[in-house]
Amino acid sequence: MSANGKHGTLSVEAEPYTYDFDPAHTALLIIDMQRDFLEPGGFGEMLGNDVSQLRRTIGPNKTLLAAWRAAGLQVIHTREGHRPDLTDLPPSKKIRGRSATTIGDAGPMGRILIRGEEGHDIIPELYPLPNEPVIDKPGKGAFYATDLHSILQHRGMKHLIVTGVTTEVCVNTTVREANDRGYDCIVPEDCVGSYFPEFQEAGLKMIKAQGGIFGWVSDSKKILTALKAIYTQTA
Ligand code: TIU
């Protein structure tokens, strides 16, 4: 059974208060679940990061993605990366960190964060279907220098379920950009990850503080519980 776009408003238990959304106008936006950030032997691990902190998000994302797809709802994926000729790579980003190996150099899975390379692509567990837009973004935020806002407007999207990595960097930046453009964002905490547990906690607190200054925080089970109402409505 799939969604018919007429189910109306669903409610999710969330912080700082209940999140109401119409699934027909809600996109699942999965941020940067790329091999170089998540896979053992990738760029993230090469920099000394503990990828297990990110890999725990794969299962919950997989379940949420399957439910969103089964209901016939909008899914959008993003990937952080750059053109092979590096013309969209700010020189400041290229040299930041003073690492011996930086964006565009040969890495464990091809050139690091370059479009078309193995490490830049999305992990097989969450691989996009042909009808799911993939936004290639040069920055941390998914709205900067991309057509994401246009796509969301054309599809009538007003609410975003934002998942992916990392909580305090690309997820937070994207939620802030979305909030300023008028979207209501909810972040399921089991579907977002940081290499640093303290940033995971702070990154989520920053979103829901001050009455939901940037959005709402919940978990995927609560969203799935709300989604079940579609099936009771259409049964
Ligand atoms: N996707 C994303 O968050 N990119 C990053 O560079 N994250 C870090 O935490 N470094």
# chains A, B, ... in the order shown; residues from 1 in each chain; ligands from 1
>>> closest_atom_pairs(of="chain A", to="ligand 1", cutoff="9 Å", atoms="only C-alpha atoms and all ligand atoms", output="Markdown table")
| residue | atom | partner | partner_atom_place_in_ligand_line | distance |
| --- | --- | --- | --- | --- |
| A:Ile31 | CA | ligand 1 | 1 (N) | 6.7 |
| A:Asp32 | CA | ligand 1 | 1 (N) | 5.0 |
| A:Met33 | CA | ligand 1 | 1 (N) | 7.7 |
| A:Gln34 | CA | ligand 1 | 1 (N) | 8.2 |
| A:Phe37 | CA | ligand 1 | 1 (N) | 7.4 |
| A:Gly44 | CA | ligand 1 | 10 (N) | 7.8 |
| A:Thr78 | CA | ligand 1 | 1 (N) | 8.9 |
| A:Arg79 | CA | ligand 1 | 1 (N) | 7.6 |
| A:Glu80 | CA | ligand 1 | 1 (N) | 6.1 |
| A:Gly139 | CA | ligand 1 | 4 (N) | 8.4 |
| A:Lys140 | CA | ligand 1 | 4 (N) | 6.0 |
| A:Gly141 | CA | ligand 1 | 1 (N) | 8.6 |
| A:Gly164 | CA | ligand 1 | 1 (N) | 7.8 |
| A:Val165 | CA | ligand 1 | 3 (O) | 5.0 |
| A:Thr166 | CA | ligand 1 | 3 (O) | 3.8 |
| A:Thr167 | CA | ligand 1 | 3 (O) | 6.8 |
| A:Glu168 | CA | ligand 1 | 9 (O) | 6.9 |
| A:Val169 | CA | ligand 1 | 3 (O) | 4.4 |
| A:Cys170 | CA | ligand 1 | 3 (O) | 3.8 |
| A:Val171 | CA | ligand 1 | 3 (O) | 6.5 |
| A:Asn172 | CA | ligand 1 | 3 (O) | 8.5 |
| A:Thr173 | CA | ligand 1 | 3 (O) | 8.7 |
| A:Ser194 | CA | ligand 1 | 9 (O) | 6.6 |
| A:Tyr195 | CA | ligand 1 | 9 (O) | 6.9 |
| A:Phe196 | CA | ligand 1 | 9 (O) | 8.7 |
>>> residues_around(residues="Asp121 in chain A", least_positions_apart="5", cutoff="12 Å", atoms="only C-alpha atoms", output="ChimeraX atom specification")
/A:31-39,42,77-82,109-116,126-128,134-136
>>> select_by_dssp(residues="range 66-144 of chain A", states="strand (DSSP E)", output="list in words")
Val75, Ile76, His77, Thr78, Arg79, Glu80, Ala106, Gly107, Gly110, Arg111, Val134, Ile135, Asp136 and Lys137 of chain A
>>> write_last_selection(atoms="all heavy atoms", output="JSON list (two decimals), in the first residue's frame")
[["chain", "number", "residue", "atom", "x", "y", "z"],
["A", 75, "VAL", "N", 12.06, 11.24, -1.01],
["A", 75, "VAL", "CA", 13.40, 11.02, -0.43],
["A", 75, "VAL", "C", 14.41, 11.83, -1.23],
["A", 75, "VAL", "O", 14.36, 11.85, -2.47],
["A", 75, "VAL", "CB", 13.79, 9.52, -0.50],
["A", 75, "VAL", "CG1", 15.21, 9.30, 0.02],
["A", 75, "VAL", "CG2", 12.79, 8.65, 0.26],
["A", 76, "ILE", "N", 15.33, 12.50, -0.54],
["A", 76, "ILE", "CA", 16.42, 13.23, -1.21],
["A", 76, "ILE", "C", 17.73, 12.90, -0.47],
["A", 76, "ILE", "O", 17.76, 12.85, 0.76],
["A", 76, "ILE", "CB", 16.17, 14.76, -1.19],
["A", 76, "ILE", "CG1", 14.86, 15.08, -1.92],
["A", 76, "ILE", "CG2", 17.34, 15.51, -1.81],
["A", 76, "ILE", "CD1", 14.49, 16.56, -1.96],
["A", 77, "HIS", "N", 18.78, 12.66, -1.25],
["A", 77, "HIS", "CA", 20.10, 12.35, -0.68],
["A", 77, "HIS", "C", 21.05, 13.50, -1.00],
["A", 77, "HIS", "O", 20.90, 14.16, -2.02],
["A", 77, "HIS", "CB", 20.68, 11.08, -1.31],
["A", 77, "HIS", "CG", 19.79, 9.88, -1.23],
["A", 77, "HIS", "ND1", 19.97, 8.88, -0.31],
["A", 77, "HIS", "CD2", 18.70, 9.52, -1.96],
["A", 77, "HIS", "CE1", 19.04, 7.94, -0.48],
["A", 77, "HIS", "NE2", 18.27, 8.30, -1.48],
["A", 78, "THR", "N", 22.07, 13.68, -0.15],
["A", 78, "THR", "CA", 23.12, 14.64, -0.50],
["A", 78, "THR", "C", 24.49, 13.95, -0.41],
["A", 78, "THR", "O", 24.65, 12.94, 0.28],
["A", 78, "THR", "CB", 23.15, 15.88, 0.43],
["A", 78, "THR", "OG1", 23.66, 15.51, 1.72],
["A", 78, "THR", "CG2", 21.78, 16.51, 0.58],
["A", 79, "ARG", "N", 25.44, 14.54, -1.12],
["A", 79, "ARG", "CA", 26.85, 14.10, -1.03],
["A", 79, "ARG", "C", 27.71, 15.35, -0.99],
["A", 79, "ARG", "O", 27.53, 16.26, -1.82],
["A", 79, "ARG", "CB", 27.26, 13.29, -2.28],
["A", 79, "ARG", "CG", 26.47, 12.03, -2.52],
["A", 79, "ARG", "CD", 26.98, 11.24, -3.70],
["A", 79, "ARG", "NE", 26.81, 11.92, -4.98],
["A", 79, "ARG", "CZ", 26.75, 11.29, -6.16],
["A", 79, "ARG", "NH1", 26.87, 9.96, -6.21],
["A", 79, "ARG", "NH2", 26.60, 11.98, -7.28],
["A", 80, "GLU", "N", 28.65, 15.38, -0.06],
["A", 80, "GLU", "CA", 29.62, 16.48, -0.05],
["A", 80, "GLU", "C", 30.77, 16.13, -1.00],
["A", 80, "GLU", "O", 31.32, 15.03, -0.91],
["A", 80, "GLU", "CB", 30.17, 16.70, 1.37],
["A", 80, "GLU", "CG", 31.20, 17.84, 1.41],
["A", 80, "GLU", "CD", 31.71, 18.14, 2.82],
["A", 80, "GLU", "OE1", 31.18, 17.58, 3.79],
["A", 80, "GLU", "OE2", 32.65, 18.96, 2.92],
["A", 106, "ALA", "N", 44.90, 11.68, -3.79],
["A", 106, "ALA", "CA", 44.58, 10.24, -3.83],
["A", 106, "ALA", "C", 44.36, 9.75, -2.40],
["A", 106, "ALA", "O", 45.17, 10.02, -1.51],
["A", 106, "ALA", "CB", 45.74, 9.48, -4.47],
["A", 107, "GLY", "N", 43.22, 9.07, -2.19],
["A", 107, "GLY", "CA", 42.89, 8.53, -0.86],
["A", 107, "GLY", "C", 42.66, 7.05, -0.94],
["A", 107, "GLY", "O", 42.91, 6.43, -1.99],
["A", 110, "GLY", "N", 39.91, 6.25, -3.88],
["A", 110, "GLY", "CA", 39.94, 7.22, -4.98],
["A", 110, "GLY", "C", 40.27, 8.61, -4.47],
["A", 110, "GLY", "O", 40.61, 8.80, -3.29],
["A", 111, "ARG", "N", 40.16, 9.61, -5.35],
["A", 111, "ARG", "CA", 40.48, 10.98, -4.93],
["A", 111, "ARG", "C", 39.47, 11.45, -3.87],
["A", 111, "ARG", "O", 38.25, 11.29, -4.04],
["A", 111, "ARG", "CB", 40.46, 11.92, -6.15],
["A", 111, "ARG", "CG", 41.60, 11.66, -7.12],
["A", 111, "ARG", "CD", 41.50, 12.61, -8.31],
["A", 111, "ARG", "NE", 41.76, 13.99, -7.95],
["A", 111, "ARG", "CZ", 41.35, 15.05, -8.66],
["A", 111, "ARG", "NH1", 40.65, 14.87, -9.78],
["A", 111, "ARG", "NH2", 41.62, 16.27, -8.27],
["A", 134, "VAL", "N", 19.67, 13.25, -5.98],
["A", 134, "VAL", "CA", 20.93, 13.30, -5.22],
["A", 134, "VAL", "C", 21.50, 14.70, -5.42],
["A", 134, "VAL", "O", 21.73, 15.13, -6.55],
["A", 134, "VAL", "CB", 21.93, 12.23, -5.70],
["A", 134, "VAL", "CG1", 23.24, 12.35, -4.93],
["A", 134, "VAL", "CG2", 21.34, 10.83, -5.55],
["A", 135, "ILE", "N", 21.69, 15.40, -4.31],
["A", 135, "ILE", "CA", 22.21, 16.77, -4.36],
["A", 135, "ILE", "C", 23.72, 16.72, -4.11],
["A", 135, "ILE", "O", 24.17, 16.31, -3.04],
["A", 135, "ILE", "CB", 21.56, 17.65, -3.25],
["A", 135, "ILE", "CG1", 20.03, 17.58, -3.29],
["A", 135, "ILE", "CG2", 22.09, 19.08, -3.30],
["A", 135, "ILE", "CD1", 19.39, 18.23, -4.48],
["A", 136, "ASP", "N", 24.49, 17.13, -5.09],
["A", 136, "ASP", "CA", 25.94, 17.22, -4.90],
["A", 136, "ASP", "C", 26.27, 18.61, -4.41],
["A", 136, "ASP", "O", 26.04, 19.60, -5.10],
["A", 136, "ASP", "CB", 26.67, 16.91, -6.21],
["A", 136, "ASP", "CG", 26.83, 15.41, -6.41],
["A", 136, "ASP", "OD1", 27.13, 14.71, -5.41],
["A", 136, "ASP", "OD2", 26.63, 14.93, -7.54],
["A", 137, "LYS", "N", 26.79, 18.67, -3.19],
["A", 137, "LYS", "CA", 27.00, 19.97, -2.54],
["A", 137, "LYS", "C", 28.49, 20.21, -2.27],
["A", 137, "LYS", "O", 29.18, 19.32, -1.77],
["A", 137, "LYS", "CB", 26.18, 20.05, -1.25],
["A", 137, "LYS", "CG", 26.57, 19.05, -0.17],
["A", 137, "LYS", "CD", 25.54, 19.10, 0.95],
["A", 137, "LYS", "CE", 25.91, 18.32, 2.18],
["A", 137, "LYS", "NZ", 27.18, 18.64, 2.82]]
>>> atom_distance(atom1="CA of Pro124 in chain A", atom2="CA of Pro197 in chain A")
25.1 Å
>>> residues_around(residues="Lys205 in chain A", least_positions_apart="4", cutoff="12 Å", atoms="only C-alpha atoms", output="list in words")
Glu15, Pro16, Thr167, Glu168, Asn172, Val187, Glu189, Glu198, Phe199, Gln200, Glu201, Ala209, Gln210, Gly211, Gly212, Ile213, Phe214, Gly215, Trp216, Val217 and Ser218 of chain A
>>> write_last_selection(atoms="N, CA and C atoms", output="compact mmCIF listing (two decimals), in the first residue's frame")
# COMPACT_ATOMS: atom_id res chain seq x y z
N GLU A 15 10.99 16.74 20.93
CA GLU A 15 11.37 17.86 21.79
C GLU A 15 11.65 19.06 20.90
N PRO A 16 11.30 20.28 21.28
CA PRO A 16 10.74 20.64 22.59
C PRO A 16 9.24 20.40 22.71
N THR A 167 26.48 15.19 12.81
CA THR A 167 25.44 15.95 13.51
C THR A 167 25.77 17.43 13.62
N GLU A 168 27.01 17.73 14.05
CA GLU A 168 27.33 19.13 14.34
C GLU A 168 27.84 19.89 13.12
N ASN A 172 23.76 19.96 11.11
CA ASN A 172 23.42 21.23 11.76
C ASN A 172 23.38 22.39 10.77
N VAL A 187 14.89 16.17 13.54
CA VAL A 187 16.11 15.36 13.46
C VAL A 187 15.95 14.15 14.38
N GLU A 189 17.40 11.42 16.47
CA GLU A 189 18.78 11.37 17.00
C GLU A 189 19.50 10.06 16.71
N GLU A 198 30.45 14.15 22.50
CA GLU A 198 30.03 15.43 23.11
C GLU A 198 29.43 16.38 22.08
N PHE A 199 29.87 16.28 20.83
CA PHE A 199 29.29 17.13 19.78
C PHE A 199 27.94 16.59 19.33
N GLN A 200 27.76 15.27 19.40
CA GLN A 200 26.46 14.67 19.11
C GLN A 200 25.42 15.27 20.06
N GLU A 201 25.77 15.28 21.33
CA GLU A 201 24.84 15.77 22.35
C GLU A 201 24.58 17.27 22.17
N ALA A 209 16.87 23.75 21.52
CA ALA A 209 16.86 24.74 22.60
C ALA A 209 15.99 25.94 22.24
N GLN A 210 15.68 26.72 23.23
CA GLN A 210 14.95 27.98 23.05
C GLN A 210 13.63 27.77 22.29
N GLY A 211 12.90 26.72 22.68
CA GLY A 211 11.59 26.48 22.05
C GLY A 211 11.70 25.93 20.65
N GLY A 212 12.83 25.29 20.33
CA GLY A 212 13.02 24.75 18.98
C GLY A 212 13.53 25.84 18.06
N ILE A 213 14.68 26.41 18.44
CA ILE A 213 15.20 27.58 17.70
C ILE A 213 15.48 27.25 16.24
N PHE A 214 15.95 26.01 15.99
CA PHE A 214 16.17 25.57 14.60
C PHE A 214 15.21 24.45 14.19
N GLY A 215 14.64 23.74 15.17
CA GLY A 215 13.75 22.63 14.80
C GLY A 215 13.46 21.72 15.97
N TRP A 216 13.14 20.46 15.64
CA TRP A 216 12.72 19.47 16.64
C TRP A 216 13.71 18.31 16.64
N VAL A 217 13.77 17.60 17.77
CA VAL A 217 14.58 16.39 17.89
C VAL A 217 13.69 15.26 18.39
N SER A 218 13.83 14.09 17.76
CA SER A 218 13.03 12.93 18.18
C SER A 218 13.86 11.68 17.87
>>> atom_distance(atom1="CA of Leu89 in chain A", atom2="CA of Thr146 in chain A")
14.1 Å
>>> closest_residue(among="A:His120, A:Leu148, A:Ile95, A:Leu10", to="Ala178 in chain A", atoms="only C-alpha atoms")
A:Leu148
>>> residues_around(residues="range 55-66 of chain A", least_positions_apart="4", cutoff="7 Å", atoms="only C-alpha atoms", output="VMD selection string")
chain A and resid 38 51 70 125 to 126 190 to 193 220
>>> write_last_selection(atoms="C-alpha atoms", output="PDB file, in the first residue's frame")
ATOM      1  CA  LEU A  38      31.521   5.953   7.174  1.00  0.00           C
ATOM      2  CA  VAL A  51      33.754   5.569  12.269  1.00  0.00           C
ATOM      3  CA  ALA A  70       7.051   2.032   0.987  1.00  0.00           C
ATOM      4  CA  GLU A 125      23.041   0.123   2.493  1.00  0.00           C
ATOM      5  CA  LEU A 126      21.318   3.449   1.684  1.00  0.00           C
ATOM      6  CA  ASP A 190      19.422   7.681  16.240  1.00  0.00           C
ATOM      7  CA  CYS A 191      19.769   8.555  12.517  1.00  0.00           C
ATOM      8  CA  VAL A 192      22.465  11.241  12.925  1.00  0.00           C
ATOM      9  CA  GLY A 193      26.035  10.711  14.075  1.00  0.00           C
ATOM     10  CA  SER A 220      13.111   7.253  14.192  1.00  0.00           C
TER      11      SER A 220
END
>>> select_by_dssp(residues="range 7-158 of chain A", states="alpha helix (DSSP H)", output="PyMOL selection string")
chain A and resi 35-38+43-46+52-55+58-70+91-95+148-154
>>> residues_around(residues="Leu73 in chain A", least_positions_apart="2", cutoff="9 Å", atoms="only C-alpha atoms", output="compact mmCIF listing (two decimals) with C-alpha atoms, in the first residue's frame")
# COMPACT_ATOMS: atom_id res chain seq x y z
CA SER A 2 1.36 3.46 -0.74
CA ALA A 3 0.50 6.95 0.38
CA GLY A 5 -1.23 12.33 -0.54
CA PRO A 23 3.70 13.32 4.94
CA ALA A 24 2.76 14.41 1.42
CA HIS A 25 4.70 17.64 2.07
CA THR A 26 7.58 16.12 4.02
CA ALA A 27 10.90 15.01 2.53
CA LEU A 28 13.35 12.60 4.10
CA ALA A 67 9.27 2.99 5.38
CA TRP A 68 9.44 6.32 3.55
CA ARG A 69 9.85 4.52 0.22
CA ALA A 70 7.05 2.03 0.99
CA ALA A 71 4.71 4.93 1.71
CA VAL A 75 13.40 11.02 -0.43
>>> closest_residue(among="A:Thr102, A:Asn131, A:Gln74, A:Thr225", to="Met157 in chain A", atoms="only C-alpha atoms")
A:Gln74
>>> residues_around(residues="His149 in chain A", least_positions_apart="3", cutoff="12 Å", atoms="only C-alpha atoms", output="list of chain:residue names")
A:Ala27, A:Leu29, A:Ile76, A:Ile135, A:Gly141, A:Ala142, A:Phe143, A:Tyr144, A:Ala145, A:Thr146, A:Leu152, A:Gln153, A:His154, A:Arg155, A:Gly156, A:Met157, A:Lys158, A:Leu160, A:Thr174, A:Glu177, A:Ala178, A:Asn179, A:Asp180, A:Arg181, A:Gly182, A:Tyr183
>>> write_last_selection(atoms="N, CA, C and O atoms", output="tab-separated table (two decimals), in the first residue's frame")
chain	number	residue	atom	x	y	z
A	27	ALA	N	9.82	15.78	3.17
A	27	ALA	CA	10.90	15.01	2.53
A	27	ALA	C	11.83	14.42	3.58
A	27	ALA	O	12.12	15.06	4.60
A	29	LEU	N	15.45	13.85	4.12
A	29	LEU	CA	16.68	14.40	3.55
A	29	LEU	C	17.87	13.73	4.25
A	29	LEU	O	18.13	13.99	5.43
A	76	ILE	N	15.33	12.50	-0.54
A	76	ILE	CA	16.42	13.23	-1.21
A	76	ILE	C	17.73	12.90	-0.47
A	76	ILE	O	17.76	12.85	0.76
A	135	ILE	N	21.69	15.40	-4.31
A	135	ILE	CA	22.21	16.77	-4.36
A	135	ILE	C	23.72	16.72	-4.11
A	135	ILE	O	24.17	16.31	-3.04
A	141	GLY	N	26.51	22.99	4.24
A	141	GLY	CA	25.06	23.11	4.13
A	141	GLY	C	24.58	22.59	2.78
A	141	GLY	O	25.24	22.79	1.76
A	142	ALA	N	23.40	21.92	2.78
A	142	ALA	CA	22.88	21.34	1.54
A	142	ALA	C	22.21	22.37	0.64
A	142	ALA	O	21.88	22.08	-0.52
A	143	PHE	N	22.01	23.60	1.14
A	143	PHE	CA	21.36	24.63	0.33
A	143	PHE	C	22.39	25.50	-0.40
A	143	PHE	O	22.07	26.08	-1.44
A	144	TYR	N	23.60	25.59	0.13
A	144	TYR	CA	24.61	26.46	-0.46
A	144	TYR	C	25.06	25.92	-1.83
A	144	TYR	O	25.53	24.77	-1.92
A	145	ALA	N	24.88	26.73	-2.88
A	145	ALA	CA	25.36	26.41	-4.23
A	145	ALA	C	24.77	25.10	-4.77
A	145	ALA	O	25.44	24.35	-5.47
A	146	THR	N	23.49	24.84	-4.41
A	146	THR	CA	22.79	23.66	-4.96
A	146	THR	C	21.38	24.07	-5.37
A	146	THR	O	20.91	25.17	-5.07
A	152	LEU	N	12.72	21.29	-3.63
A	152	LEU	CA	11.74	21.19	-2.54
A	152	LEU	C	10.51	22.04	-2.84
A	152	LEU	O	9.37	21.62	-2.58
A	153	GLN	N	10.73	23.23	-3.40
A	153	GLN	CA	9.60	24.10	-3.73
A	153	GLN	C	8.74	23.49	-4.83
A	153	GLN	O	7.50	23.50	-4.75
A	154	HIS	N	9.37	22.96	-5.86
A	154	HIS	CA	8.62	22.37	-6.97
A	154	HIS	C	7.80	21.17	-6.53
A	154	HIS	O	6.75	20.88	-7.09
A	155	ARG	N	8.31	20.45	-5.54
A	155	ARG	CA	7.60	19.27	-5.02
A	155	ARG	C	6.64	19.61	-3.88
A	155	ARG	O	6.02	18.72	-3.31
A	156	GLY	N	6.56	20.89	-3.52
A	156	GLY	CA	5.63	21.31	-2.46
A	156	GLY	C	6.03	20.87	-1.06
A	156	GLY	O	5.18	20.70	-0.18
A	157	MET	N	7.33	20.72	-0.83
A	157	MET	CA	7.80	20.26	0.48
A	157	MET	C	7.87	21.42	1.48
A	157	MET	O	8.35	22.50	1.14
A	158	LYS	N	7.39	21.17	2.69
A	158	LYS	CA	7.40	22.19	3.75
A	158	LYS	C	8.12	21.70	5.00
A	158	LYS	O	8.56	22.49	5.83
A	160	LEU	N	11.00	18.83	6.70
A	160	LEU	CA	12.14	17.98	6.39
A	160	LEU	C	12.49	17.10	7.58
A	160	LEU	O	12.59	17.61	8.71
A	174	THR	N	22.82	22.33	7.60
A	174	THR	CA	21.66	22.19	6.71
A	174	THR	C	20.35	22.54	7.42
A	174	THR	O	19.48	23.22	6.86
A	177	GLU	N	20.16	26.29	7.63
A	177	GLU	CA	19.82	26.87	6.32
A	177	GLU	C	18.34	26.64	5.99
A	177	GLU	O	17.67	27.52	5.45
A	178	ALA	N	17.86	25.44	6.29
A	178	ALA	CA	16.45	25.09	5.98
A	178	ALA	C	15.51	25.94	6.83
A	178	ALA	O	14.49	26.45	6.33
A	179	ASN	N	15.85	26.09	8.09
A	179	ASN	CA	15.02	26.88	9.01
A	179	ASN	C	14.88	28.32	8.52
A	179	ASN	O	13.78	28.88	8.52
A	180	ASP	N	15.97	28.90	8.03
A	180	ASP	CA	15.92	30.27	7.53
A	180	ASP	C	15.10	30.39	6.25
A	180	ASP	O	14.67	31.48	5.87
A	181	ARG	N	14.92	29.27	5.55
A	181	ARG	CA	14.12	29.28	4.32
A	181	ARG	C	12.67	28.88	4.57
A	181	ARG	O	11.90	28.69	3.62
A	182	GLY	N	12.31	28.66	5.84
A	182	GLY	CA	10.90	28.42	6.18
A	182	GLY	C	10.49	26.97	6.30
A	182	GLY	O	9.30	26.67	6.40
A	183	TYR	N	11.45	26.05	6.30
A	183	TYR	CA	11.11	24.63	6.47
A	183	TYR	C	11.12	24.27	7.96
A	183	TYR	O	11.94	24.76	8.72
